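Chemist: Enclosed is the structure file data34.cif (mmCIF, C-alpha atoms).
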```cif
data_start
#
loop_
_atom_site.group_PDB
_atom_site.id
_atom_site.type_symbol
_atom_site.label_atom_id
_atom_site.label_comp_id
_atom_site.auth_asym_id
_atom_site.auth_seq_id
_atom_site.Cartn_x
_atom_site.Cartn_y
_atom_site.Cartn_z
ATOM 1 C CA MET D 59 30.971 -4.100 55.878
ATOM 2 C CA LYS D 60 31.066 -7.002 53.485
ATOM 3 C CA SER D 61 34.376 -7.730 51.828
ATOM 4 C CA LEU D 62 34.206 -9.159 48.318
ATOM 5 C CA PRO D 63 37.044 -10.632 46.254
ATOM 6 C CA LEU D 64 36.819 -8.840 42.911
ATOM 7 C CA LEU D 65 38.851 -9.954 39.921
ATOM 8 C CA LEU D 66 40.091 -7.432 37.389
ATOM 9 C CA SER D 67 41.903 -9.293 34.649
ATOM 10 C CA THR D 68 43.967 -11.740 36.739
ATOM 11 C CA VAL D 69 44.222 -10.190 40.185
ATOM 12 C CA PHE D 70 41.966 -10.488 43.251
ATOM 13 C CA PHE D 71 41.607 -7.656 45.715
ATOM 14 C CA ALA D 72 39.372 -7.019 48.704
ATOM 15 C CA ALA D 73 36.681 -4.405 48.256
ATOM 16 C CA ALA D 74 34.568 -2.509 50.725
ATOM 17 C CA SER D 75 30.813 -2.714 50.432
ATOM 18 C CA LEU D 76 29.684 -1.097 47.233
ATOM 19 C CA ALA D 77 27.715 2.124 47.196
ATOM 20 C CA THR D 78 24.265 2.336 45.681
ATOM 21 C CA ALA D 79 24.367 3.081 41.973
ATOM 22 C CA GLN D 80 23.911 6.711 41.053
ATOM 23 C CA THR D 81 21.155 7.630 38.648
ATOM 24 C CA GLN D 82 23.106 10.291 36.798
ATOM 25 C CA THR D 83 26.585 10.238 35.297
ATOM 26 C CA PRO D 84 28.580 13.136 36.776
ATOM 27 C CA SER D 85 30.409 15.636 34.620
ATOM 28 C CA MET D 86 34.132 15.657 35.352
ATOM 29 C CA ASN D 87 35.560 17.813 32.554
ATOM 30 C CA ALA D 88 35.826 15.031 29.978
ATOM 31 C CA SER D 89 37.506 15.966 26.714
ATOM 32 C CA LEU D 90 34.836 16.189 24.028
ATOM 33 C CA ASP D 91 37.084 16.602 20.963
ATOM 34 C CA GLU D 92 36.730 12.907 20.101
ATOM 35 C CA VAL D 93 34.518 10.281 21.672
ATOM 36 C CA ALA D 94 34.179 6.514 21.524
ATOM 37 C CA VAL D 95 30.876 5.164 20.253
ATOM 38 C CA ILE D 96 30.386 1.684 21.719
ATOM 39 C CA GLN D 97 27.742 -0.299 19.856
ATOM 40 C CA THR D 98 26.558 -3.261 21.923
ATOM 41 C CA ASP D 99 23.828 -5.864 21.740
ATOM 42 C CA ALA D 100 22.012 -3.798 24.381
ATOM 43 C CA GLY D 101 22.347 -0.444 22.622
ATOM 44 C CA GLU D 102 24.789 2.428 22.216
ATOM 45 C CA MET D 103 27.064 4.070 24.766
ATOM 46 C CA ILE D 104 29.267 7.095 24.150
ATOM 47 C CA VAL D 105 32.462 7.718 26.127
ATOM 48 C CA ALA D 106 34.372 11.002 26.367
ATOM 49 C CA PHE D 107 38.065 10.849 27.249
ATOM 50 C CA TRP D 108 40.345 12.425 29.857
ATOM 51 C CA PRO D 109 43.652 12.876 27.972
ATOM 52 C CA GLU D 110 44.724 15.492 30.491
ATOM 53 C CA VAL D 111 45.179 12.824 33.195
ATOM 54 C CA ALA D 112 45.754 9.648 31.141
ATOM 55 C CA PRO D 113 47.162 10.630 27.724
ATOM 56 C CA LYS D 114 48.918 7.360 26.890
ATOM 57 C CA THR D 115 45.936 5.268 28.006
ATOM 58 C CA VAL D 116 43.554 7.330 25.872
ATOM 59 C CA GLU D 117 45.957 7.100 22.936
ATOM 60 C CA ASN D 118 46.176 3.318 23.312
ATOM 61 C CA PHE D 119 42.399 2.858 23.540
ATOM 62 C CA LYS D 120 41.828 5.025 20.473
ATOM 63 C CA LYS D 121 44.524 3.182 18.519
ATOM 64 C CA LEU D 122 43.013 -0.228 19.283
ATOM 65 C CA ALA D 123 39.505 0.984 18.476
ATOM 66 C CA LYS D 124 40.618 2.452 15.138
ATOM 67 C CA GLN D 125 42.257 -0.880 14.288
ATOM 68 C CA GLY D 126 38.941 -2.666 14.922
ATOM 69 C CA PHE D 127 40.512 -4.564 17.807
ATOM 70 C CA TYR D 128 37.382 -4.374 19.966
ATOM 71 C CA ASP D 129 34.873 -5.191 17.229
ATOM 72 C CA GLY D 130 33.203 -8.537 17.894
ATOM 73 C CA THR D 131 34.356 -8.808 21.508
ATOM 74 C CA ALA D 132 31.974 -9.032 24.470
ATOM 75 C CA PHE D 133 31.490 -7.847 28.017
ATOM 76 C CA HIS D 134 32.768 -11.102 29.457
ATOM 77 C CA ARG D 135 32.555 -10.168 33.144
ATOM 78 C CA ILE D 136 29.680 -8.429 34.913
ATOM 79 C CA VAL D 137 29.630 -7.876 38.662
ATOM 80 C CA LYS D 138 26.256 -6.495 39.696
ATOM 81 C CA GLY D 139 26.452 -3.151 41.451
ATOM 82 C CA PHE D 140 30.143 -2.815 40.600
ATOM 83 C CA MET D 141 31.237 -2.883 36.956
ATOM 84 C CA ILE D 142 31.094 -4.447 33.496
ATOM 85 C CA GLN D 143 34.379 -5.566 31.917
ATOM 86 C CA GLY D 144 35.301 -6.021 28.277
ATOM 87 C CA GLY D 145 38.126 -5.584 25.790
ATOM 88 C CA ASP D 146 39.455 -9.143 25.812
ATOM 89 C CA PRO D 147 40.047 -10.476 22.264
ATOM 90 C CA LEU D 148 39.490 -13.998 23.604
ATOM 91 C CA SER D 149 35.833 -13.076 24.127
ATOM 92 C CA LYS D 150 35.306 -13.041 20.367
ATOM 93 C CA ASN D 151 35.114 -16.832 20.385
ATOM 94 C CA ASP D 152 34.127 -17.415 24.030
ATOM 95 C CA ASP D 153 37.557 -18.882 24.721
ATOM 96 C CA PRO D 154 37.629 -20.553 28.174
ATOM 97 C CA ARG D 155 40.710 -18.432 28.958
ATOM 98 C CA VAL D 156 38.667 -15.255 28.566
ATOM 99 C CA GLY D 157 39.773 -12.622 31.040
ATOM 100 C CA THR D 158 43.462 -13.196 30.349
ATOM 101 C CA GLY D 159 43.734 -11.873 26.790
ATOM 102 C CA GLY D 160 45.226 -8.652 25.527
ATOM 103 C CA PRO D 161 46.896 -6.910 22.600
ATOM 104 C CA GLY D 162 50.286 -8.567 23.106
ATOM 105 C CA TYR D 163 51.825 -5.688 25.030
ATOM 106 C CA GLN D 164 51.292 -3.741 28.244
ATOM 107 C CA ILE D 165 51.103 -0.032 28.959
ATOM 108 C CA LYS D 166 52.337 2.015 31.889
ATOM 109 C CA ALA D 167 49.779 2.977 34.529
ATOM 110 C CA GLU D 168 48.549 6.559 34.679
ATOM 111 C CA PHE D 169 46.894 6.579 38.081
ATOM 112 C CA ASN D 170 45.153 9.881 38.765
ATOM 113 C CA ALA D 171 42.694 11.660 41.033
ATOM 114 C CA LYS D 172 39.587 11.046 38.913
ATOM 115 C CA PRO D 173 37.042 9.183 41.079
ATOM 116 C CA HIS D 174 35.722 5.769 40.074
ATOM 117 C CA VAL D 175 31.979 6.423 40.034
ATOM 118 C CA ARG D 176 29.113 5.262 37.835
ATOM 119 C CA GLY D 177 29.901 5.679 34.151
ATOM 120 C CA VAL D 178 33.666 6.015 34.539
ATOM 121 C CA ILE D 179 35.789 3.838 32.237
ATOM 122 C CA SER D 180 39.073 2.496 33.594
ATOM 123 C CA MET D 181 41.720 -0.045 32.655
ATOM 124 C CA ALA D 182 41.714 -3.593 34.017
ATOM 125 C CA ARG D 183 45.089 -4.991 35.030
ATOM 126 C CA SER D 184 46.837 -7.786 36.920
ATOM 127 C CA ALA D 185 48.845 -7.438 40.145
ATOM 128 C CA ASP D 186 51.514 -5.506 38.253
ATOM 129 C CA PRO D 187 50.378 -1.866 38.101
ATOM 130 C CA ASN D 188 51.845 -1.559 34.601
ATOM 131 C CA SER D 189 50.063 -4.597 33.145
ATOM 132 C CA ALA D 190 47.032 -3.052 31.427
ATOM 133 C CA GLY D 191 46.659 -3.690 27.711
ATOM 134 C CA SER D 192 43.215 -3.688 26.127
ATOM 135 C CA GLN D 193 40.784 -4.765 28.834
ATOM 136 C CA PHE D 194 38.663 -2.046 30.379
ATOM 137 C CA PHE D 195 35.743 -1.768 32.757
ATOM 138 C CA ILE D 196 32.902 0.692 33.232
ATOM 139 C CA CYS D 197 31.704 1.339 36.775
ATOM 140 C CA LEU D 198 28.074 0.674 37.666
ATOM 141 C CA ALA D 199 28.351 2.504 41.000
ATOM 142 C CA ASP D 200 30.821 4.285 43.239
ATOM 143 C CA ALA D 201 34.011 2.223 43.496
ATOM 144 C CA ARG D 202 36.287 4.727 45.187
ATOM 145 C CA PHE D 203 38.519 1.963 46.576
ATOM 146 C CA LEU D 204 39.903 1.753 43.013
ATOM 147 C CA ASP D 205 40.973 5.411 42.960
ATOM 148 C CA ARG D 206 44.703 5.881 42.227
ATOM 149 C CA GLN D 207 45.078 2.103 41.783
ATOM 150 C CA TYR D 208 43.472 1.735 38.350
ATOM 151 C CA THR D 209 43.757 4.136 35.419
ATOM 152 C CA ALA D 210 40.487 6.004 34.945
ATOM 153 C CA PHE D 211 40.533 7.598 31.490
ATOM 154 C CA GLY D 212 37.030 8.751 30.602
ATOM 155 C CA GLN D 213 33.326 8.711 31.345
ATOM 156 C CA LEU D 214 29.986 7.899 29.752
ATOM 157 C CA VAL D 215 28.258 10.936 28.296
ATOM 158 C CA LYS D 216 25.404 8.993 26.705
ATOM 159 C CA GLY D 217 23.865 5.567 27.224
ATOM 160 C CA ASP D 218 23.502 5.299 30.993
ATOM 161 C CA GLU D 219 20.347 3.231 30.458
ATOM 162 C CA VAL D 220 22.347 0.828 28.264
ATOM 163 C CA LEU D 221 25.025 0.555 30.943
ATOM 164 C CA GLY D 222 22.304 -0.279 33.445
ATOM 165 C CA LYS D 223 20.778 -2.877 31.144
ATOM 166 C CA ILE D 224 24.139 -4.596 30.669
ATOM 167 C CA GLY D 225 24.789 -4.408 34.407
ATOM 168 C CA ASP D 226 21.499 -6.224 35.033
ATOM 169 C CA THR D 227 22.440 -9.144 32.777
ATOM 170 C CA PRO D 228 21.928 -12.450 34.643
ATOM 171 C CA THR D 229 25.238 -14.045 35.607
ATOM 172 C CA THR D 230 26.492 -17.395 36.770
ATOM 173 C CA VAL D 231 29.636 -18.592 38.515
ATOM 174 C CA GLY D 232 32.686 -18.524 36.275
ATOM 175 C CA GLY D 233 35.938 -20.457 36.341
ATOM 176 C CA GLY D 234 37.353 -18.467 39.247
ATOM 177 C CA GLY D 235 34.337 -19.057 41.466
ATOM 178 C CA GLU D 236 33.030 -15.504 41.060
ATOM 179 C CA LYS D 237 29.399 -14.945 40.020
ATOM 180 C CA SER D 238 30.202 -12.729 37.072
ATOM 181 C CA ARG D 239 29.914 -14.817 33.900
ATOM 182 C CA PRO D 240 27.020 -13.540 31.756
ATOM 183 C CA VAL D 241 24.385 -16.197 31.087
ATOM 184 C CA THR D 242 23.756 -14.645 27.679
ATOM 185 C CA ARG D 243 26.471 -13.077 25.548
ATOM 186 C CA VAL D 244 26.629 -9.272 25.647
ATOM 187 C CA GLY D 245 28.394 -8.505 22.412
ATOM 188 C CA VAL D 246 30.345 -5.412 21.446
ATOM 189 C CA LYS D 247 29.538 -4.910 17.787
ATOM 190 C CA SER D 248 32.055 -2.104 17.391
ATOM 191 C CA ILE D 249 33.907 0.725 19.084
ATOM 192 C CA LYS D 250 34.425 3.698 16.789
ATOM 193 C CA ILE D 251 36.372 6.896 17.483
ATOM 194 C CA VAL D 252 34.501 9.848 16.020
ATOM 195 C CA PRO D 253 34.385 13.644 16.403
ATOM 196 C CA ALA D 254 32.176 14.546 19.328
ATOM 197 C CA ALA D 255 29.944 16.744 17.183
ATOM 198 C CA SER D 256 29.001 13.830 14.937
ATOM 199 C CA ALA D 257 27.991 11.597 17.825
ATOM 200 C CA LYS D 258 25.201 13.776 19.221
#
```
Would you kindly transcribe this structure into structure tokens?
Modeler:
Amino acid sequence: MKSLPLLLSTVFFAAASLATAQTQTPSMNASLDEVAVIQTDAGEMIVAFWPEVAPKTVENFKKLAKQGFYDGTAFHRIVKGFMIQGGDPLSKNDDPRVGTGGPGYQIKAEFNAKPHVRGVISMARSADPNSAGSQFFICLADARFLDRQYTAFGQLVKGDEVLGKIGDTPTTVGGGGEKSRPVTRVGVKSIKIVPAASAK
């Protein structure tokens, strides 16, 4: 078992060896009333939410998206076989402090029983459980060691091939010594909240 230090926002934690990526995104009763359409340089991904287990987190994500907060950001951290991370406003201008930015406030954790598997979107945070703000990550594979420690709040319902393409982006060593800094920018053109029926 190989132990890897994995940084989510500003905290390191030890992780067990990562499972092989699944080829299909599982269905876990995601709410399909509204979805998030994430337009990236690599294509489109659509996320359905789980308000029944993380209502405040879903509300916060939708609010930021509707304000255009995420438009022009980037997936600033990619760990192959684990996850892609975005949502930092500092990534709009490739600020060297990228990975530490947020909306200027923090939200309370809503840890739940939803498993962190491929396609699940969850909130990045620091050592303080209640320190999430705007940064999120999408799992590339099973990451069950994150269960009940990070707030999972939805899952991909479309765009698994785009997730895979972003996850395969070449990376180099970043400021913290982790090989997770994308060699080429993976931009987030926009995140829009739309009725599920209009996103099909």
Chemist: Under the PyMOL selection byres ((chain D and resi 133) around 6), which residues of this model are included? Write them out as a VMD selection string.
Modeler: chain D and resid 132 134 to 135 143 to 144 244
Chemist: Selected by the PyMOL selection byres ((chain D and resi 100-108) around 7) in the shown coordinates: which residues, as a PyMOL selection string?
Modeler: chain D and resi 88-90+92-99+109-112+116+211-217+220+223-224
Chemist: As an exercise, work out the distance from CA of Ser248 in chain D to CA of Ser184 in chain D in Å and give it to one decimal place.
Modeler: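 For CA of Ser248 in chain D relative to CA of Ser184 in chain D, the distance reads 25.1 Å.
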Chemist: As a PyMOL selection string, please: the residues near Gln193 in chain D (cut-off 8 Å, only C-alpha atoms, same-chain neighbours under 2 positions excluded).
Modeler: chain D and resi 67+143-146+159-160+181-183+190-191+195
Chemist: Taking the file as I've supplied it (selection: the PyMOL selection byres ((chain D and resi 114) around 9)), which residues are included? Please answer as a PyMOL selection string.
Modeler: chain D and resi 109+112-113+115-119+165-168
Chemist: Do you have the CA of Gly126 in chain D-CA of Val156 in chain D distance handy?
Modeler: 18.6 Å
Chemist: For range 110-114 of chain D, I'd like the enclosing box, axis-aligned and padded by 8 Å on every side, reported as lines of an AutoDock Vina configuration file with centre and edge lengths in Å to one decimal.
Modeler:
```
center_x = 46.8
center_y = 11.4
center_z = 30.0
size_x = 20.2
size_y = 24.1
size_z = 22.3
```
Chemist: Ranking D:Met141, D:Gly130, D:Leu198, D:Asp91 by minimum distance to Ala255 in chain D and counting all atoms listed in the file, which one comes first?
Modeler: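 Closest to Ala255 in chain D, using all atoms listed in the file: D:Asp91.
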Chemist: Of the candidates D:Asp205, D:Ile251, D:Gly233, D:Gly225, which shows the shortest atom-to-atom distance to Asp153 in chain D, using only C-alpha atoms?
Modeler: D:Gly233
Chemist: With distances taken over all atoms listed in the file, which of D:Leu221, D:Ala123, D:Leu204, D:Val137 is nearest to Arg176 in chain D?
Modeler: D:Leu221
Chemist: So which one's closest to Lys150 in chain D, D:Phe127, D:Tyr163, D:Phe194, D:Tyr208? Using all atoms listed in the file, please.
Modeler: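 That would be D:Phe127, the residue with the smallest distance to Lys150 in chain D.
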Chemist: Looking at D:Arg155, D:Lys172, D:Arg243, D:Lys237, which one is nearest to Thr209 in chain D, with distances taken over all atoms listed in the file?
Modeler: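 The closest residue to Thr209 in chain D is D:Lys172.
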Chemist: Work out how far CA of Leu148 in chain D is from CA of Ile249 in chain D, in Å to one decimal.
Modeler: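 Result for CA of Ile249 in chain D versus CA of Leu148 in chain D: 16.4 Å, one decimal.
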Chemist: Quick one: residues within 7 Å of Val175 in chain D, all atoms listed in the file counted, chain neighbours fewer than 4 positions away excluded, as a VMD selection string?
Modeler: chain D and resid 197 199 to 202
Chemist: Here is a test: counting all atoms listed in the file, which residue of D:Ile196, D:Ala185, D:Ile136, D:Ala210 is nearest to Phe169 in chain D?
Modeler: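 The closest residue to Phe169 in chain D is D:Ala210.
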